[in-house]
$ cat model_37.txt   # compact mmCIF, C-alpha atoms
# COMPACT_ATOMS: atom_id res chain seq x y z
CA MET A 7 -70.41 14.17 18.57
CA LYS A 8 -69.68 11.36 16.19
CA ASP A 9 -67.86 13.76 13.87
CA PHE A 10 -65.82 15.08 16.82
CA SER A 11 -64.86 11.55 17.80
CA LEU A 12 -63.79 10.70 14.31
CA ARG A 13 -61.82 13.90 14.09
CA SER A 14 -60.27 13.13 17.43
CA VAL A 15 -59.32 9.64 16.38
CA PHE A 16 -57.94 10.94 13.11
CA ALA A 17 -56.00 13.65 14.91
CA VAL A 18 -54.56 11.19 17.41
CA GLY A 19 -53.72 8.72 14.62
CA PHE A 20 -52.15 11.38 12.49
CA SER A 21 -50.13 12.67 15.44
CA ALA A 22 -48.93 9.17 16.17
CA PHE A 23 -47.98 8.72 12.53
CA ILE A 24 -46.05 12.01 12.57
CA ALA A 25 -44.35 11.00 15.82
CA LEU A 26 -43.42 7.63 14.32
CA VAL A 27 -42.03 9.34 11.24
CA LEU A 28 -40.04 11.69 13.47
CA ILE A 29 -38.72 8.76 15.49
CA PHE A 30 -37.51 7.00 12.36
CA PHE A 31 -36.09 10.27 11.05
CA ALA A 32 -34.32 10.92 14.34
CA TYR A 33 -32.94 7.39 14.35
CA GLY A 34 -31.79 7.75 10.77
CA ALA A 35 -30.15 11.07 11.54
CA ALA A 36 -28.46 9.68 14.63
CA ALA A 37 -27.32 6.56 12.79
CA SER A 38 -25.85 8.65 9.99
CA ARG A 39 -23.66 10.45 12.52
CA ALA A 40 -21.21 7.56 12.82
CA ARG A 41 -17.99 8.67 14.44
CA VAL A 42 -14.41 7.44 14.75
CA GLU A 43 -12.04 8.68 17.44
CA ILE A 44 -8.34 7.81 17.64
CA PHE A 45 -6.20 7.95 20.77
CA THR A 46 -2.38 7.70 20.60
CA PRO A 47 0.48 8.08 23.12
CA GLN A 48 2.49 10.76 21.26
CA GLY A 49 0.33 13.86 21.22
CA PHE A 50 -0.36 15.46 17.84
CA ALA A 51 1.44 16.08 14.55
CA SER A 52 0.50 17.86 11.35
CA CYS A 53 -1.48 15.76 8.87
CA ALA A 54 -0.47 16.54 5.28
CA THR A 55 -3.84 15.30 4.01
CA THR A 56 -5.98 17.70 6.05
CA GLY A 57 -3.49 20.42 6.95
CA ALA A 58 -4.59 20.08 10.58
CA PRO A 59 -3.12 18.37 13.67
CA ALA A 60 -3.93 14.67 14.14
CA PRO A 61 -3.02 12.09 16.80
CA ALA A 62 0.60 10.95 16.39
CA ILE A 63 2.22 7.58 16.96
CA PHE A 64 5.55 5.76 16.48
CA GLN A 65 5.96 2.47 14.67
CA THR A 66 5.54 -0.54 17.06
CA GLN A 67 3.19 1.46 19.31
CA THR A 68 -0.53 0.76 19.71
CA LEU A 69 -3.41 3.16 19.17
CA LEU A 70 -7.00 2.91 20.35
CA ALA A 71 -9.73 3.44 17.75
CA HIS A 72 -13.27 4.00 19.03
CA PHE A 73 -16.24 3.68 16.65
CA ASP A 74 -19.60 5.07 17.77
CA TYR A 75 -23.16 5.75 16.61
CA TYR A 76 -23.49 2.69 14.39
CA ARG A 77 -26.75 0.80 13.98
CA VAL A 78 -28.33 -0.46 17.21
CA LEU A 79 -31.47 -2.36 16.16
CA GLU A 80 -31.76 -6.10 16.77
CA PRO A 81 -30.56 -8.59 14.09
CA PRO A 82 -30.74 -8.65 11.14
CA PHE A 83 -30.63 -4.85 11.41
CA GLY A 84 -28.13 -4.60 14.24
CA PRO A 85 -25.80 -4.70 16.06
CA GLU A 86 -24.05 -3.51 12.93
CA PRO A 87 -20.89 -5.15 11.55
CA VAL A 88 -18.28 -2.47 10.90
CA GLU A 89 -15.76 -2.93 8.07
CA VAL A 90 -12.48 -1.20 8.94
CA ASP A 91 -9.93 -0.16 6.33
CA VAL A 92 -6.84 2.04 6.29
CA THR A 93 -5.83 4.53 3.60
CA PHE A 94 -2.04 4.97 3.54
CA PRO A 95 -0.22 8.27 2.87
CA ASP A 96 0.50 7.19 -0.73
CA GLY A 97 -3.16 6.34 -1.40
CA ARG A 98 -3.04 2.56 -0.93
CA VAL A 99 -6.06 1.08 0.83
CA PHE A 100 -5.97 -2.09 2.94
CA THR A 101 -8.46 -3.80 5.15
CA LEU A 102 -7.23 -3.72 8.72
CA GLY A 103 -6.34 -7.42 8.66
CA ALA A 104 -4.32 -7.13 5.46
CA SER A 105 -2.53 -4.03 6.74
CA GLN A 106 -0.87 -6.16 9.42
CA LEU A 107 0.61 -8.53 6.81
CA LEU A 108 2.71 -6.10 4.75
CA ASP A 109 6.31 -7.10 4.03
CA GLY A 110 7.54 -3.54 3.47
CA VAL A 111 8.46 -4.16 -0.19
CA ILE A 112 5.83 -5.85 -2.38
CA ASP A 113 2.96 -5.25 0.07
CA MET A 114 0.32 -7.26 -1.80
CA PRO A 115 -1.61 -9.34 0.77
CA THR A 116 -5.18 -10.18 -0.15
CA ASN A 117 -7.63 -7.63 1.21
CA VAL A 118 -9.61 -10.14 3.23
CA GLN A 119 -12.68 -8.49 4.73
CA PHE A 120 -12.14 -7.26 8.28
CA ALA A 121 -15.45 -6.65 10.04
CA ARG A 122 -16.34 -6.56 13.74
CA PHE A 123 -19.79 -6.27 15.27
CA SER A 124 -20.58 -3.17 17.29
CA ASN A 125 -22.33 -3.65 20.64
CA ASN A 126 -26.00 -2.94 21.37
CA ALA A 127 -25.13 0.73 21.77
CA GLY A 128 -23.57 0.92 18.30
CA GLN A 129 -20.02 1.11 19.65
CA LEU A 130 -16.78 -0.70 18.86
CA SER A 131 -13.20 -0.29 20.11
CA LEU A 132 -10.04 -1.71 18.51
CA ASN A 133 -6.39 -1.74 19.56
CA ILE A 134 -4.23 -1.35 16.45
CA THR A 135 -0.47 -1.89 16.58
CA ILE A 136 1.51 0.08 13.99
CA PRO A 137 4.09 -2.25 12.38
CA GLY A 138 7.41 -1.09 10.98
CA THR A 139 6.09 -1.83 7.49
CA TRP A 140 3.83 1.23 7.73
CA PRO A 141 5.67 4.30 6.35
CA TYR A 142 5.69 7.73 7.95
CA GLY A 143 2.82 10.05 7.08
CA CYS A 144 -0.87 10.72 7.55
CA TYR A 145 -3.37 7.85 7.53
CA ARG A 146 -7.15 7.69 7.32
CA LEU A 147 -8.95 5.01 9.35
CA THR A 148 -12.47 4.33 8.05
CA GLY A 149 -15.34 2.38 9.58
CA ARG A 150 -18.12 1.36 7.19
CA GLY A 151 -21.41 0.06 8.59
CA LEU A 152 -22.35 -2.95 6.49
CA SER A 153 -25.99 -3.51 7.47
CA SER A 154 -26.77 0.15 6.74
CA GLY A 155 -25.40 -0.25 3.22
CA GLY A 156 -22.46 2.02 3.93
CA ALA A 157 -24.67 4.91 5.09
CA ASN A 158 -22.95 4.73 8.46
CA THR A 159 -19.43 5.59 7.38
CA ALA A 160 -16.94 7.67 9.32
CA SER A 161 -13.20 8.36 9.20
CA ALA A 162 -10.49 9.78 11.42
CA PHE A 163 -6.85 10.65 10.74
CA PHE A 164 -3.62 9.87 12.55
CA VAL A 165 0.06 10.39 11.77
CA VAL A 166 2.93 7.88 11.95
CA ILE A 167 6.04 9.85 12.88
CA PRO A 168 9.75 9.00 13.14
CA GLY A 169 10.49 7.93 16.68
CA GLY A 170 12.91 6.39 19.09
CA ARG A 171 16.14 7.69 20.55
CA PRO A 172 19.43 7.07 18.73
CA GLY A 173 20.93 5.24 21.72
CA PRO A 174 24.62 5.06 22.67
CA THR A 175 27.17 4.80 19.89
CA GLY A 176 30.27 3.83 21.87
CA ASN A 177 33.16 3.63 19.43
CA VAL A 178 31.09 1.93 16.73
CA GLU A 179 31.64 2.92 13.13
CA LEU A 180 29.48 1.76 10.23
CA ARG A 181 30.09 2.28 6.54
CA ALA A 182 28.42 1.41 3.23
CA THR A 183 30.58 0.17 0.37
CA LEU A 184 30.18 -0.94 -3.23
CA ASN A 185 32.80 -3.35 -4.53
CA GLY A 186 34.91 -2.54 -1.48
CA GLN A 187 34.81 1.22 -2.04
CA ASP A 188 33.02 3.71 0.18
CA THR A 189 29.86 4.89 -1.52
CA SER A 190 26.79 7.00 -0.90
CA VAL A 191 25.02 6.03 -4.15
CA ILE A 192 24.08 2.63 -5.60
CA GLN A 193 21.70 1.45 -8.31
CA GLN A 194 18.91 -1.08 -8.31
CA GLY A 195 20.47 -4.48 -9.01
CA GLN A 196 23.70 -3.77 -7.14
CA ILE A 197 24.89 -5.25 -3.84
CA LEU A 198 25.41 -2.94 -0.90
CA GLU A 199 28.11 -4.07 1.53
CA ILE A 200 27.98 -3.00 5.16
CA ASP A 201 30.81 -3.34 7.65
CA GLY A 202 31.19 -2.09 11.18
CA ARG A 203 33.81 -1.85 13.92
CA GLY A 204 33.69 -1.27 17.66
CA PHE A 205 31.04 -3.74 18.82
CA ILE A 206 31.63 -6.09 21.74
CA GLY A 207 33.53 -9.14 20.59
CA GLY A 208 31.18 -12.02 19.75
CA GLU A 209 27.95 -10.12 20.37
CA PHE A 210 25.03 -10.46 17.98
CA VAL A 211 24.25 -7.42 15.89
CA SER A 212 20.84 -6.71 14.35
CA PHE A 213 20.56 -4.83 11.06
CA TRP A 214 17.64 -3.14 9.40
CA LEU A 215 16.96 -0.74 6.55
CA THR A 216 14.77 2.32 6.76
CA ALA A 217 13.39 3.05 3.30
CA PRO A 218 12.83 6.58 1.96
CA ASP A 219 9.22 6.60 3.17
CA GLY A 220 10.10 5.30 6.66
CA THR A 221 9.23 1.65 6.04
CA VAL A 222 11.50 -0.70 8.00
CA ILE A 223 12.97 -3.72 6.20
CA ASP A 224 14.83 -6.46 8.06
CA PHE A 225 17.97 -7.87 6.48
CA PRO A 226 19.98 -9.90 5.63
CA PRO A 227 17.24 -12.21 4.33
CA GLY A 228 16.68 -15.28 6.48
CA GLN A 229 18.87 -14.00 9.33
CA GLN A 230 17.81 -12.17 12.45
CA VAL A 231 21.31 -11.12 13.48
CA VAL A 232 24.98 -11.28 12.48
CA GLN A 233 27.62 -12.25 15.05
CA ALA A 234 30.57 -9.93 15.53
CA THR A 235 34.11 -11.30 15.39
CA PRO A 236 36.17 -11.55 18.61
CA SER A 237 37.57 -8.10 17.76
CA GLY A 238 34.06 -6.59 17.44
CA ALA A 239 33.93 -6.36 13.65
CA VAL A 240 30.82 -7.22 11.68
CA ALA A 241 29.92 -7.36 7.99
CA THR A 242 26.88 -8.18 5.87
CA SER A 243 25.37 -7.27 2.49
CA PHE A 244 22.04 -6.55 0.86
CA GLN A 245 21.14 -6.82 -2.80
CA PHE A 246 18.80 -4.10 -3.97
CA GLU A 247 16.41 -5.16 -6.70
CA GLY A 248 13.99 -3.40 -8.99
CA LYS A 249 11.26 -3.95 -6.42
CA ASN A 250 13.00 -1.59 -3.96
CA PRO A 251 11.94 2.07 -4.26
CA VAL A 252 14.50 4.73 -5.06
CA GLY A 253 15.55 7.42 -2.61
CA ARG A 254 17.57 7.91 0.57
CA TYR A 255 18.01 4.88 2.84
CA THR A 256 19.42 4.43 6.32
CA VAL A 257 21.10 1.24 7.54
CA THR A 258 20.94 0.73 11.32
CA ALA A 259 23.16 -1.68 13.24
CA LEU A 260 22.32 -2.47 16.88
CA GLY A 261 24.53 -4.46 19.22
CA ASN A 262 22.22 -6.77 21.11
CA THR A 263 24.50 -6.90 24.18
CA SER A 264 26.19 -3.50 24.14
CA GLY A 265 23.18 -1.53 22.96
CA PHE A 266 25.54 0.36 20.65
CA ARG A 267 23.76 1.73 17.62
CA ALA A 268 25.26 3.07 14.39
CA PHE A 269 23.95 4.36 11.08
CA ALA A 270 25.03 4.52 7.45
CA HIS A 271 23.22 6.53 4.78
CA PHE A 272 23.08 6.13 1.01
CA GLU A 273 20.87 6.85 -1.99
CA LEU A 274 19.35 4.19 -4.22
CA ARG A 275 18.82 5.17 -7.85
CA SER A 276 17.09 3.48 -10.74
CA ARG A 277 19.07 1.98 -13.58
CA PRO A 278 19.04 4.13 -16.71
CA VAL A 279 16.75 3.00 -19.50
CA THR A 280 16.84 4.35 -23.07
CA GLN A 281 13.96 4.01 -25.49
CA ARG A 282 14.97 2.58 -28.83
CA GLY A 283 13.34 1.50 -32.06
CA PRO A 284 10.16 2.62 -33.83
CA ALA A 285 7.81 0.60 -31.56
CA ARG A 286 4.83 2.45 -30.09
CA LEU A 287 2.99 1.96 -26.81
CA SER A 288 -0.03 3.64 -25.23
CA VAL A 289 -1.93 3.04 -21.99
CA VAL A 290 -5.54 4.18 -21.83
CA VAL A 291 -8.84 3.73 -20.07
CA PRO A 292 -12.05 4.64 -21.89
CA PHE A 293 -11.66 8.35 -21.03
CA GLY A 294 -7.93 8.90 -21.25
CA ALA A 295 -4.73 7.93 -19.45
CA GLU A 296 -6.02 8.58 -15.92
CA ALA A 297 -8.39 6.51 -13.80
CA PRO A 298 -8.97 5.56 -10.15
CA GLN A 299 -7.77 2.40 -8.45
CA ARG A 300 -9.88 -0.66 -9.36
CA SER A 301 -9.88 0.34 -13.04
CA ILE A 302 -8.85 -1.63 -16.11
CA PHE A 303 -6.19 0.06 -18.25
CA TYR A 304 -5.52 -1.08 -21.82
CA ALA A 305 -1.94 -1.19 -23.09
CA ASN A 306 -1.57 -1.25 -26.88
CA GLY A 307 1.75 -1.96 -28.56
CA ASP A 308 2.63 -1.68 -32.23
CA LEU A 309 5.59 -2.13 -34.63
CA PHE A 310 7.20 -4.98 -32.71
CA PHE A 311 8.61 -7.91 -34.66
CA PRO A 312 5.79 -10.26 -35.72
CA GLY A 313 5.32 -13.02 -33.15
CA GLU A 314 8.15 -11.96 -30.84
CA ARG A 315 7.90 -12.19 -27.07
CA VAL A 316 7.34 -8.82 -25.44
CA ASP A 317 8.48 -8.33 -21.84
CA ILE A 318 6.46 -5.85 -19.81
CA TRP A 319 7.19 -4.12 -16.52
CA LEU A 320 5.68 -1.35 -14.47
CA THR A 321 7.59 1.45 -12.73
CA MET A 322 5.67 2.68 -9.70
CA PRO A 323 5.47 6.30 -8.46
CA ASP A 324 8.25 5.59 -5.93
CA GLY A 325 10.60 4.23 -8.62
CA SER A 326 10.19 0.56 -7.72
CA VAL A 327 9.56 -1.95 -10.51
CA ARG A 328 7.02 -4.76 -10.82
CA GLY A 329 7.21 -7.39 -13.53
CA PHE A 330 4.31 -8.74 -15.57
CA PRO A 331 4.12 -12.07 -17.37
CA SER A 332 5.37 -11.63 -20.94
CA THR A 333 3.00 -11.44 -23.88
CA PHE A 334 3.52 -12.06 -27.62
CA ALA A 335 3.10 -9.73 -30.55
CA ASP A 336 0.65 -10.66 -33.26
CA PRO A 337 2.37 -13.11 -35.67
CA VAL A 338 1.38 -11.03 -38.70
CA ALA A 339 1.24 -7.37 -37.68
CA GLY A 340 3.52 -7.21 -34.61
CA GLN A 341 0.83 -5.69 -32.39
CA PHE A 342 -0.33 -6.63 -28.91
CA MET A 343 -2.92 -5.52 -26.36
CA VAL A 344 -3.04 -6.35 -22.67
CA GLU A 345 -5.44 -5.31 -19.92
CA LEU A 346 -4.19 -4.16 -16.52
CA PHE A 347 -6.53 -4.29 -13.55
CA LEU A 348 -4.91 -2.08 -10.89
CA ASP A 349 -6.54 -2.30 -7.50
CA GLU A 350 -6.55 -0.22 -4.31
CA ARG A 351 -3.37 -1.83 -2.94
CA LEU A 352 -1.28 0.13 -5.44
CA PRO A 353 -0.26 3.73 -4.65
CA VAL A 354 -1.79 6.64 -6.49
CA GLY A 355 0.42 8.70 -8.76
CA PHE A 356 2.36 8.69 -12.01
CA TYR A 357 3.24 5.29 -13.55
CA GLN A 358 5.43 4.17 -16.43
CA LEU A 359 4.75 0.98 -18.37
CA THR A 360 7.71 -0.39 -20.34
CA ALA A 361 7.59 -2.96 -23.14
CA GLN A 362 10.65 -4.55 -24.75
CA GLY A 363 10.80 -6.93 -27.68
CA ALA A 364 12.89 -10.01 -26.83
CA VAL A 365 14.15 -10.33 -30.43
CA SER A 366 14.08 -6.77 -31.77
CA GLN A 367 15.29 -5.28 -28.44
CA GLN A 368 12.99 -2.35 -29.12
CA LEU A 369 12.07 -0.60 -25.89
CA VAL A 370 9.21 1.84 -25.47
CA ILE A 371 7.65 3.54 -22.45
CA ALA A 372 4.10 4.81 -21.93
CA THR A 373 2.80 6.77 -18.95
CA PHE A 374 -0.51 6.96 -17.10
CA THR A 375 -1.87 8.16 -13.76
CA LEU A 376 -3.66 6.17 -11.06
CA THR A 377 -5.94 8.21 -8.78
CA GLN A 378 -7.68 7.50 -5.47
CA THR A 379 -10.73 5.27 -5.58
CA THR A 380 -13.92 6.22 -3.78
CA ASP A 381 -15.13 2.63 -3.87
CA THR A 382 -15.21 0.40 -0.81
CA ILE A 383 -13.26 -2.83 -0.52
CA VAL A 384 -16.03 -4.86 1.08
CA ASN A 385 -15.84 -7.33 -1.83
CA PRO A 386 -12.10 -7.45 -2.45
CA GLN A 387 -10.50 -8.62 -5.65
CA PRO A 388 -7.69 -11.02 -4.76
CA VAL A 389 -4.96 -9.52 -6.94
CA PRO A 390 -4.24 -6.89 -9.55
CA GLN A 391 -4.49 -8.77 -12.82
CA ILE A 392 -3.35 -8.68 -16.42
CA GLY A 393 -5.11 -10.05 -19.49
CA LEU A 394 -2.80 -11.57 -22.10
CA ASP A 395 -5.30 -12.92 -24.61
CA ASN A 396 -5.43 -9.72 -26.72
CA ASN A 397 -9.19 -9.63 -26.24
CA SER A 398 -10.66 -6.50 -24.65
CA VAL A 399 -14.01 -8.24 -24.15
CA THR A 400 -12.70 -10.81 -21.68
CA PRO A 401 -11.69 -9.73 -18.17
CA PRO A 402 -8.08 -9.84 -16.98
CA ASN A 403 -7.33 -13.33 -15.71
CA VAL A 404 -3.61 -13.62 -14.92
CA SER A 405 -2.24 -12.66 -11.51
CA PHE A 406 -0.16 -9.48 -11.30
CA ASN A 407 2.84 -11.16 -9.68
CA ASP A 408 6.54 -10.93 -10.34
CA PRO A 409 7.11 -13.86 -12.74
CA ASP A 410 10.72 -14.32 -11.58
CA PRO A 411 11.26 -12.66 -8.18
CA THR A 412 14.82 -14.00 -7.83
CA ASN A 413 16.02 -12.52 -11.13
CA ILE A 414 17.10 -8.92 -10.72
CA ASN A 415 17.79 -8.56 -14.44
CA GLU A 416 14.38 -9.66 -15.65
CA TYR A 417 13.12 -6.17 -16.39
CA GLY A 418 14.43 -5.82 -19.90
CA ASN A 419 17.96 -4.86 -20.83
CA PRO A 420 18.51 -1.28 -19.64
CA ASP A 421 21.64 0.55 -20.70
CA GLU A 422 24.44 0.56 -18.16

$ encode --input "model_37.txt" --output "structure tokens"
Amino acid sequence: MKDFSLRSVFAVGFSAFIALVLIFFAYGAAASRARVEIFTPQGFASCATTGAPAPAIFQTQTLLAHFDYYRVLEPPFGPEPVEVDVTFPDGRVFTLGASQLLDGVIDMPTNVQFARFSNNAGQLSLNITIPGTWPYGCYRLTGRGLSSGGANTASAFFVVIPGGRPGPTGNVELRATLNGQDTSVIQQGQILEIDGRGFIGGEFVSFWLTAPDGTVIDFPPGQQVVQATPSGAVATSFQFEGKNPVGRYTVTALGNTSGFRAFAHFELRSRPVTQRGPARLSVVVPFGAEAPQRSIFYANGDLFFPGERVDIWLTMPDGSVRGFPSTFADPVAGQFMVELFLDERLPVGFYQLTAQGAVSQQLVIATFTLTQTTDTIVNPQPVPQIGLDNNSVTPPNVSFNDPDPTNINEYGNPDE
């Protein structure tokens, strides 16, 4: 009898233990099934990333994102904070807060952590407005559960599509000119002139640029609108710099009173650059010339004039240019080495790094490839950085910012 009781107690205890294990396993399995659903007002469109339909939306509209099956235990285990980030069609990754601060050109706001607590059922809903600074294409919205160490991670896709009706044109005409001559092609560094006819006399006219990827850029800088003359004529200009990507642009003019809308189209091209001199340049990471975002690349230059200043700039996959602070060649051997920390706010793809000696005028280009990171951005670095101390042991420590954003000719001396 005693043995039976002990066996019974053991059996009951063991069964309870198994049940407890199953409960924890079931909870773990349920918690790992985090889910993101996206609801938009424009039906579906094809997502280039997945090859499947995804919810579609226009710029300026608002989508609903619903996060479910995140951790539900009491603090400190739950409700779970959910970090939300957005992967853009070109591979850039922003926290949701930073994604609302893009300017459509440089697009380098600090990736400040964006986390919201789920409720006691492990759910969270967010309304996300799509600004004009988000280009067309397929996006991935990701929710990462922080208290589960990222185990509760889920993503969903949506597509930003061109939208809006053209509107009435009336008798409005709009043209793009360069030095007073009609043109359909300009180069970075040149001034595009826009003039229109046929608006209501004295009405205010809004202008904006649609970049090749669909990003909307307001112009002219510092002005919301331009007032038409009493005869309904209007004129303005926009200076394209190295920071503007190459490709086909559209200028839109909208009469604020008449509602008349007109368009002008043109292509922006990069300025030609010719390599010259015996100088050499290479860009590498430890395993070659390709690495994911959040990697340090090493740029090594050689055969520059001893001690001369070397100007460095980066050509992005879309043809836009970003300047680095200058460095100096070794005073004896004419060599230099800089470190480039390139974070997740830069697009993936093929890059060109250019170095030009200020005295020798030697110009040399090296190429490398930036790929998609699989890392999270829970602990964001504030900026891409460059190291100018010629010491590969020390980390990069100088901000990756345009050293002279008002100077369109700062990026070397390309051939005209």

$ atom_distance --input "model_37.txt" --atom1 "CA of Glu209 in chain A" --atom2 "CA of Ala182 in chain A"
20.7 Å

$ closest_residue --input "model_37.txt" --among "A:Pro323, A:Ala372, A:Val338, A:Ala40" --to "Phe356 in chain A" --atoms "only C-alpha atoms"
A:Pro323

$ residues_around --input "model_37.txt" --residues "range 49-66 of chain A" --least-positions-apart "3" --cutoff "6 Å" --atoms "all atoms listed in the file" --output "PyMOL selection string"
chain A and resi 46+136-138+144+164-167+169

$ write_last_selection --input "model_37.txt" --atoms "C-alpha atoms" --output "compact mmCIF listing (two decimals), in the coordinates of the input"
# COMPACT_ATOMS: atom_id res chain seq x y z
CA THR A 46 -2.38 7.70 20.60
CA ILE A 136 1.51 0.08 13.99
CA PRO A 137 4.09 -2.25 12.38
CA GLY A 138 7.41 -1.09 10.98
CA CYS A 144 -0.87 10.72 7.55
CA PHE A 164 -3.62 9.87 12.55
CA VAL A 165 0.06 10.39 11.77
CA VAL A 166 2.93 7.88 11.95
CA ILE A 167 6.04 9.85 12.88
CA GLY A 169 10.49 7.93 16.68

$ residues_around --input "model_37.txt" --residues "Gln233 in chain A" --least-positions-apart "5" --cutoff "8 Å" --atoms "all atoms listed in the file" --output "PDB file with C-alpha atoms, in the frame of the given file"
ATOM      1  CA  GLY A 208      31.180 -12.020  19.750  1.00  0.00           C
ATOM      2  CA  GLU A 209      27.950 -10.120  20.370  1.00  0.00           C
ATOM      3  CA  PHE A 210      25.030 -10.460  17.980  1.00  0.00           C
ATOM      4  CA  VAL A 211      24.250  -7.420  15.890  1.00  0.00           C
ATOM      5  CA  VAL A 240      30.820  -7.220  11.680  1.00  0.00           C
TER       6      VAL A 240
END

$ atom_distance --input "model_37.txt" --atom1 "CA of Gln362 in chain A" --atom2 "CA of Asp113 in chain A"
26.0 Å

$ residues_near_point --input "model_37.txt" --point "(17.9, -4.6, 18.5)" --cutoff "12 Å" --atoms "all atoms listed in the file" --output "MDAnalysis selection string"
chainID A and resid 172:173 209:214 224 230:232 258:268

$ residues_around --input "model_37.txt" --residues "Leu70 in chain A" --least-positions-apart "4" --cutoff "9 Å" --atoms "only C-alpha atoms" --output "short mmCIF file (atom, residue, chain, number, x, y, z; two decimals) with C-alpha atoms, keeping the file's coordinate frame"
data_model
loop_
_atom_site.label_atom_id
_atom_site.label_comp_id
_atom_site.auth_asym_id
_atom_site.auth_seq_id
_atom_site.Cartn_x
_atom_site.Cartn_y
_atom_site.Cartn_z
CA GLU A 43 -12.04 8.68 17.44
CA ILE A 44 -8.34 7.81 17.64
CA PHE A 45 -6.20 7.95 20.77
CA THR A 46 -2.38 7.70 20.60
CA SER A 131 -13.20 -0.29 20.11
CA LEU A 132 -10.04 -1.71 18.51
CA ASN A 133 -6.39 -1.74 19.56
CA ILE A 134 -4.23 -1.35 16.45
CA THR A 135 -0.47 -1.89 16.58
#

$ residues_around --input "model_37.txt" --residues "range 100-110 of chain A" --least-positions-apart "4" --cutoff "6 Å" --atoms "all atoms listed in the file" --output "VMD selection string"
chain A and resid 90 to 92 115 117 120 139

$ atom_distance --input "model_37.txt" --atom1 "CA of Val279 in chain A" --atom2 "CA of Pro402 in chain A"
28.1 Å

$ residues_near_point --input "model_37.txt" --point "(8.8, 2.1, -24.5)" --cutoff "8 Å" --atoms "all atoms listed in the file" --output "tab-separated table (two decimals) with C-alpha atoms, keeping the file's coordinate frame"
chain	number	residue	atom	x	y	z
A	281	GLN	CA	13.96	4.01	-25.49
A	282	ARG	CA	14.97	2.58	-28.83
A	285	ALA	CA	7.81	0.60	-31.56
A	286	ARG	CA	4.83	2.45	-30.09
A	287	LEU	CA	2.99	1.96	-26.81
A	359	LEU	CA	4.75	0.98	-18.37
A	360	THR	CA	7.71	-0.39	-20.34
A	361	ALA	CA	7.59	-2.96	-23.14
A	362	GLN	CA	10.65	-4.55	-24.75
A	368	GLN	CA	12.99	-2.35	-29.12
A	369	LEU	CA	12.07	-0.60	-25.89
A	370	VAL	CA	9.21	1.84	-25.47
A	371	ILE	CA	7.65	3.54	-22.45
A	372	ALA	CA	4.10	4.81	-21.93

$ closest_residue --input "model_37.txt" --among "A:Asn126, A:Thr373, A:Gln378, A:Gln187" --to "Gly294 in chain A" --atoms "only C-alpha atoms"
A:Thr373

$ closest_residue --input "model_37.txt" --among "A:Phe272, A:Ser288, A:Pro298, A:Val99" --to "Thr116 in chain A" --atoms "only C-alpha atoms"
A:Val99

$ closest_residue --input "model_37.txt" --among "A:Ile223, A:Ala160, A:Val344, A:Ile112" --to "Lys249 in chain A" --atoms "all atoms listed in the file"
A:Ile112

$ build_atoms --input "model_37.txt" --residues "range 193-200 of chain A" --atoms "N, CA, C and O atoms" --output "short mmCIF file (atom, residue, chain, number, x, y, z; two decimals), keeping the file's coordinate frame"
data_model
loop_
_atom_site.label_atom_id
_atom_site.label_comp_id
_atom_site.auth_asym_id
_atom_site.auth_seq_id
_atom_site.Cartn_x
_atom_site.Cartn_y
_atom_site.Cartn_z
N GLN A 193 22.82 1.61 -7.40
CA GLN A 193 21.70 1.45 -8.31
C GLN A 193 20.95 0.16 -8.01
O GLN A 193 21.50 -0.78 -7.44
N GLN A 194 19.67 0.15 -8.40
CA GLN A 194 18.91 -1.08 -8.31
C GLN A 194 19.65 -2.19 -9.05
O GLN A 194 20.14 -1.99 -10.16
N GLY A 195 19.75 -3.36 -8.42
CA GLY A 195 20.47 -4.48 -9.01
C GLY A 195 21.86 -4.65 -8.44
O GLY A 195 22.47 -5.70 -8.65
N GLN A 196 22.37 -3.66 -7.71
CA GLN A 196 23.70 -3.77 -7.14
C GLN A 196 23.65 -4.26 -5.68
O GLN A 196 22.61 -4.22 -5.04
N ILE A 197 24.80 -4.72 -5.20
CA ILE A 197 24.89 -5.25 -3.84
C ILE A 197 25.56 -4.22 -2.94
O ILE A 197 26.70 -3.80 -3.18
N LEU A 198 24.87 -3.84 -1.90
CA LEU A 198 25.41 -2.94 -0.90
C LEU A 198 26.12 -3.76 0.18
O LEU A 198 25.55 -4.71 0.71
N GLU A 199 27.35 -3.40 0.48
CA GLU A 199 28.11 -4.07 1.53
C GLU A 199 28.17 -3.16 2.75
O GLU A 199 28.39 -1.95 2.63
N ILE A 200 27.97 -3.75 3.91
CA ILE A 200 27.98 -3.00 5.16
C ILE A 200 29.03 -3.62 6.08
O ILE A 200 29.05 -4.85 6.27
#
